[in-house]
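Trainee: I am attaching a structure below and will ask some questions about it afterwards.
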Amino acid sequence: MSRIRNTLLLTLLALAACGETTAPGDRPADSEHRRPLIVASNYPLYFFASEIAGDSADVKLPEMAGDPANWKPGSAEISLMQSADLIILNGAGYEPWLGWVTLPESHLVDSSAGFSEEFLPLREEAVHQHGPQGEHSHQGVAFTTWLDPSLAAKQAMAIEQAISRLVPENAGQHRDRLAALSARLETLDQAFRETFDRLGDQPVLFSHPVYQYLESRYSLNGVSVHWEPGEAPGTRAMLALSEILRSHPARLMLWEEEPLETTSVELRKLGVQSLPFHTAANRPDDGDFFDVMEVNVASLLLNCCGTTIGPQQEPE
Ligand SMILES: [Zn+2]
């Protein structure tokens with residue numbers, strides 16, 4: 001009962017604060033009662049934290065154009081993070097900006113620190129390349145950990161622990177919500193498993209070195225290049241791909257986004273079909289994390305193992 005009364009009181013305070021005009025320099029009337037602020041460094045972490053926190057906190061994903069892995073926080077986003085009670089990080093080298101942004105260390109939550117021995121080293125094809133946000137490279141270890149739902153579940157667990165430390169009075173609710181989230185991640189894991197089992201040992205291509213944990217979890221027979229969906233790969237990259245295809249006759253290339261039509265056509269001439277497999281690193285236009293992953297599963301099932309793909313199929 002007292003929880004209900006507290007909630008009512010907070011609601012009334014919040015309502016009162018909304019109608020109140022505060023003189024400049026005054027602390028807003030509800031500042032002592034504001035909900036804790038949690039900021040996440042990519043969309044999956046934001047989604048997990050929102051699901052777990054419920055009403056315990058305000059969870060925010062800063063505005064980021066493009067891939068959060070290439071994010072360079074500006075002054076507004078740095079202030080936002082400095083005012084946050086928790087900053088949820090992916091870890092595994094995902095946040096190079098920590099090198100020049102000063103944040104209170106006690107507020108940082110490295111969600112993958114607990115399984116660092118499972119990090120996958122990057123292979124050499126990962127280093128280099130232009131992109132919409134300028135040149136970038138992948139060095140050290142692979143960071144797209146959340147594409148392995150079992151690792152995503154470990155990250156969600158670390159997030160729950162941090163949120164429950166922040167709002168201990170709601171720890172029971174956080175744990176219940178974590179259990180529900182983990183169950184959904186387990187279902188996703190099964191769906192991925194069934195889908196990739198159908199692909200079996202077939203060679204596949206990855207357009208960008210971000211699928212390592214997926215490849216490892218489901219024993220995919222993959223080779224990665226380092227292309228951008230919005231850019232033509234160019235002659236040299238196409239020649240290099242032809243060379244790869246001699247020993248790795250893939251018929252499927254997974255992309256973070258739908259590639260340029262000209263690229264799809266060029267690939268089709270080599271017998272390779274392009275298929276988006278979104279990482280959900282940034283906020284999706286429609287739906288949530290699981291919706292994006294369900295679309296990934298559905299489009300793979302439709303395209304992975306049929307007989308419609310064949311070499312030398314020229315478009316009309
Ligand atoms: Zn890259």
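Residue numbers start at 1 in each chain; chains themselves are named A, B, ... in the order of the structure tokens; ligands are numbered from 1 in the order shown.
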Excluding range 112-126 of chain A and residues on its chain fewer than 2 positions from it, collect all residues at most 9 Å away from it, counting only C-alpha atoms, and give them as a ChimeraX atom specification.

Mentor: /A:89-92,109-110,128-129,137-143,145,151-152,154-155,158,208-210,212-213,216,224-226

Trainee: As a list in words, which residues of range 43-146 of chain A does DSSP assign to strand (DSSP E)?

Mentor: Asp58, Val59, Lys60, Leu86, Ile87, Ile88, Leu89, Leu108, Val109 and Asp110 of chain A

Trainee: I'd like the interatomic distance between CA of Arg251 in chain A and CA of Val204 in chain A, to a tenth of an Å.

Mentor: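 Atom-to-atom, CA of Arg251 in chain A to CA of Val204 in chain A, that is 6.5 Å.
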
Trainee: Could you produce a table of the residues of range 152-182 of chain A lying within 9 Å of range 37-49 of chain A, with the nearest pair of atoms per residue and their separation in Å rounded to one decimal, using only C-alpha atoms, ordered by chain and increasing residue number, as CSV?

Mentor:
```
residue,atom,partner,partner_atom,distance
A:Ala152,CA,A:Pro44,CA,8.5
A:Gln155,CA,A:Leu45,CA,8.0
A:Ala156,CA,A:Phe48,CA,5.9
A:Ile159,CA,A:Ala49,CA,6.3
A:Glu160,CA,A:Ala49,CA,7.5
A:Ile163,CA,A:Ala49,CA,8.1
A:Leu178,CA,A:Phe48,CA,8.5
A:Leu181,CA,A:Phe48,CA,7.7
```

Trainee: Include N, CA and C atoms and write out the residues we just selected as an mmCIF file, in the first residue's frame.

Mentor:
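Result saved to again.cif:
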```cif
data_model
loop_
_atom_site.group_PDB
_atom_site.id
_atom_site.type_symbol
_atom_site.label_atom_id
_atom_site.label_comp_id
_atom_site.auth_asym_id
_atom_site.auth_seq_id
_atom_site.Cartn_x
_atom_site.Cartn_y
_atom_site.Cartn_z
ATOM 1 N N ALA A 152 24.042 -11.413 -25.255
ATOM 2 C CA ALA A 152 23.109 -10.305 -24.988
ATOM 3 C C ALA A 152 22.452 -10.496 -23.625
ATOM 4 N N GLN A 155 24.709 -9.429 -20.971
ATOM 5 C CA GLN A 155 24.760 -7.969 -20.881
ATOM 6 C C GLN A 155 23.518 -7.445 -20.144
ATOM 7 N N ALA A 156 22.373 -8.045 -20.451
ATOM 8 C CA ALA A 156 21.135 -7.643 -19.782
ATOM 9 C C ALA A 156 21.246 -7.899 -18.275
ATOM 10 N N ILE A 159 23.235 -5.209 -16.734
ATOM 11 C CA ILE A 159 22.438 -3.974 -16.684
ATOM 12 C C ILE A 159 21.457 -4.035 -15.509
ATOM 13 N N GLU A 160 20.841 -5.207 -15.328
ATOM 14 C CA GLU A 160 19.890 -5.360 -14.204
ATOM 15 C C GLU A 160 20.598 -5.124 -12.868
ATOM 16 N N ILE A 163 21.142 -1.392 -12.411
ATOM 17 C CA ILE A 163 19.906 -0.640 -12.153
ATOM 18 C C ILE A 163 19.390 -0.958 -10.751
ATOM 19 N N LEU A 178 13.910 -8.770 -16.057
ATOM 20 C CA LEU A 178 15.084 -9.410 -16.660
ATOM 21 C C LEU A 178 14.738 -10.841 -17.062
ATOM 22 N N LEU A 181 12.812 -10.754 -20.242
ATOM 23 C CA LEU A 181 13.702 -10.397 -21.356
ATOM 24 C C LEU A 181 14.596 -11.581 -21.729
#
```

Trainee: Here is a test: counting only C-alpha atoms, which residue of A:Ala171, A:Leu220, A:Leu275, A:Met293 is nearest to Glu261 in chain A?

Mentor: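 Looking only at the distances to Glu261 in chain A, the closest residue turns out to be A:Leu275.
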
Trainee: Figure out the distance between CA of Leu103 in chain A and CA of Met81 in chain A, please, to one decimal in Å.

Mentor: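 Atom-to-atom, CA of Met81 in chain A and CA of Leu103 in chain A are spaced 7.3 Å apart.
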
Trainee: Choose the residue, out of A:His136, A:Arg198, A:Arg217, A:Arg184, that has the smallest atom-to-atom separation from ligand 1; count only C-alpha atoms and all ligand atoms.

Mentor: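 Smallest separation from ligand 1 among the options: A:His136.
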
Trainee: Which of these residues is nearest to ligand 1, using only C-alpha atoms and all ligand atoms: A:Ser50, A:Ser106, A:Thr144, A:Ser182?

Mentor: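 Residue with the minimum atom-to-atom distance to ligand 1: A:Thr144.
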
Trainee: Select from range 178-215 of chain A everything DSSP, run on the backbone, classes as helix (DSSP H, G or I), then give the selection as number ranges by chain.

Mentor: A: 178-199, 212-215

Trainee: For the residues in that selection, give me N, CA and C atoms as a PDB file, in the first residue's frame.

Mentor:
```pdb
ATOM      1  N   LEU A 178      13.910  -8.770 -16.057  1.00  0.00           N
ATOM      2  CA  LEU A 178      15.084  -9.410 -16.660  1.00  0.00           C
ATOM      3  C   LEU A 178      14.738 -10.841 -17.062  1.00  0.00           C
ATOM      4  N   ALA A 179      13.997 -11.536 -16.211  1.00  0.00           N
ATOM      5  CA  ALA A 179      13.626 -12.930 -16.518  1.00  0.00           C
ATOM      6  C   ALA A 179      12.798 -12.981 -17.800  1.00  0.00           C
ATOM      7  N   ALA A 180      11.871 -12.039 -17.950  1.00  0.00           N
ATOM      8  CA  ALA A 180      11.046 -12.006 -19.164  1.00  0.00           C
ATOM      9  C   ALA A 180      11.897 -11.708 -20.397  1.00  0.00           C
ATOM     10  N   LEU A 181      12.812 -10.754 -20.242  1.00  0.00           N
ATOM     11  CA  LEU A 181      13.702 -10.397 -21.356  1.00  0.00           C
ATOM     12  C   LEU A 181      14.596 -11.581 -21.729  1.00  0.00           C
ATOM     13  N   SER A 182      15.144 -12.243 -20.719  1.00  0.00           N
ATOM     14  CA  SER A 182      16.037 -13.382 -20.984  1.00  0.00           C
ATOM     15  C   SER A 182      15.285 -14.497 -21.700  1.00  0.00           C
ATOM     16  N   ALA A 183      14.016 -14.691 -21.329  1.00  0.00           N
ATOM     17  CA  ALA A 183      13.215 -15.731 -21.995  1.00  0.00           C
ATOM     18  C   ALA A 183      13.041 -15.385 -23.477  1.00  0.00           C
ATOM     19  N   ARG A 184      12.824 -14.110 -23.767  1.00  0.00           N
ATOM     20  CA  ARG A 184      12.672 -13.702 -25.176  1.00  0.00           C
ATOM     21  C   ARG A 184      13.995 -13.882 -25.937  1.00  0.00           C
ATOM     22  N   LEU A 185      15.098 -13.595 -25.254  1.00  0.00           N
ATOM     23  CA  LEU A 185      16.407 -13.780 -25.906  1.00  0.00           C
ATOM     24  C   LEU A 185      16.658 -15.265 -26.174  1.00  0.00           C
ATOM     25  N   GLU A 186      16.193 -16.099 -25.271  1.00  0.00           N
ATOM     26  CA  GLU A 186      16.346 -17.544 -25.471  1.00  0.00           C
ATOM     27  C   GLU A 186      15.522 -18.017 -26.670  1.00  0.00           C
ATOM     28  N   THR A 187      14.316 -17.483 -26.788  1.00  0.00           N
ATOM     29  CA  THR A 187      13.470 -17.814 -27.940  1.00  0.00           C
ATOM     30  C   THR A 187      14.142 -17.359 -29.241  1.00  0.00           C
ATOM     31  N   LEU A 188      14.738 -16.170 -29.197  1.00  0.00           N
ATOM     32  CA  LEU A 188      15.453 -15.665 -30.374  1.00  0.00           C
ATOM     33  C   LEU A 188      16.628 -16.581 -30.722  1.00  0.00           C
ATOM     34  N   ASP A 189      17.323 -17.024 -29.695  1.00  0.00           N
ATOM     35  CA  ASP A 189      18.454 -17.930 -29.896  1.00  0.00           C
ATOM     36  C   ASP A 189      17.996 -19.205 -30.613  1.00  0.00           C
ATOM     37  N   GLN A 190      16.854 -19.728 -30.178  1.00  0.00           N
ATOM     38  CA  GLN A 190      16.324 -20.944 -30.826  1.00  0.00           C
ATOM     39  C   GLN A 190      15.949 -20.665 -32.284  1.00  0.00           C
ATOM     40  N   ALA A 191      15.343 -19.505 -32.519  1.00  0.00           N
ATOM     41  CA  ALA A 191      14.947 -19.157 -33.888  1.00  0.00           C
ATOM     42  C   ALA A 191      16.177 -19.013 -34.781  1.00  0.00           C
ATOM     43  N   PHE A 192      17.211 -18.355 -34.267  1.00  0.00           N
ATOM     44  CA  PHE A 192      18.465 -18.243 -35.026  1.00  0.00           C
ATOM     45  C   PHE A 192      19.038 -19.636 -35.298  1.00  0.00           C
ATOM     46  N   ARG A 193      19.025 -20.467 -34.249  1.00  0.00           N
ATOM     47  CA  ARG A 193      19.606 -21.807 -34.366  1.00  0.00           C
ATOM     48  C   ARG A 193      18.902 -22.607 -35.466  1.00  0.00           C
ATOM     49  N   GLU A 194      17.562 -22.597 -35.440  1.00  0.00           N
ATOM     50  CA  GLU A 194      16.797 -23.350 -36.446  1.00  0.00           C
ATOM     51  C   GLU A 194      17.051 -22.815 -37.848  1.00  0.00           C
ATOM     52  N   THR A 195      17.148 -21.488 -37.964  1.00  0.00           N
ATOM     53  CA  THR A 195      17.359 -20.876 -39.265  1.00  0.00           C
ATOM     54  C   THR A 195      18.741 -21.215 -39.808  1.00  0.00           C
ATOM     55  N   PHE A 196      19.752 -21.027 -38.973  1.00  0.00           N
ATOM     56  CA  PHE A 196      21.116 -21.258 -39.450  1.00  0.00           C
ATOM     57  C   PHE A 196      21.408 -22.751 -39.622  1.00  0.00           C
ATOM     58  N   ASP A 197      20.664 -23.593 -38.905  1.00  0.00           N
ATOM     59  CA  ASP A 197      20.809 -25.039 -39.138  1.00  0.00           C
ATOM     60  C   ASP A 197      20.416 -25.376 -40.573  1.00  0.00           C
ATOM     61  N   ARG A 198      19.417 -24.657 -41.092  1.00  0.00           N
ATOM     62  CA  ARG A 198      18.996 -24.904 -42.472  1.00  0.00           C
ATOM     63  C   ARG A 198      20.065 -24.463 -43.464  1.00  0.00           C
ATOM     64  N   LEU A 199      20.780 -23.425 -43.081  1.00  0.00           N
ATOM     65  CA  LEU A 199      21.876 -22.967 -43.934  1.00  0.00           C
ATOM     66  C   LEU A 199      23.020 -23.981 -43.907  1.00  0.00           C
ATOM     67  N   GLN A 212      30.740 -11.525 -36.209  1.00  0.00           N
ATOM     68  CA  GLN A 212      31.606 -12.575 -35.650  1.00  0.00           C
ATOM     69  C   GLN A 212      30.914 -13.422 -34.579  1.00  0.00           C
ATOM     70  N   TYR A 213      30.131 -12.775 -33.721  1.00  0.00           N
ATOM     71  CA  TYR A 213      29.516 -13.540 -32.618  1.00  0.00           C
ATOM     72  C   TYR A 213      28.362 -14.409 -33.115  1.00  0.00           C
ATOM     73  N   LEU A 214      27.708 -13.922 -34.163  1.00  0.00           N
ATOM     74  CA  LEU A 214      26.659 -14.728 -34.806  1.00  0.00           C
ATOM     75  C   LEU A 214      27.303 -15.956 -35.460  1.00  0.00           C
ATOM     76  N   GLU A 215      28.384 -15.696 -36.175  1.00  0.00           N
ATOM     77  CA  GLU A 215      29.121 -16.757 -36.868  1.00  0.00           C
ATOM     78  C   GLU A 215      29.603 -17.810 -35.880  1.00  0.00           C
TER      79      GLU A 215
END
```
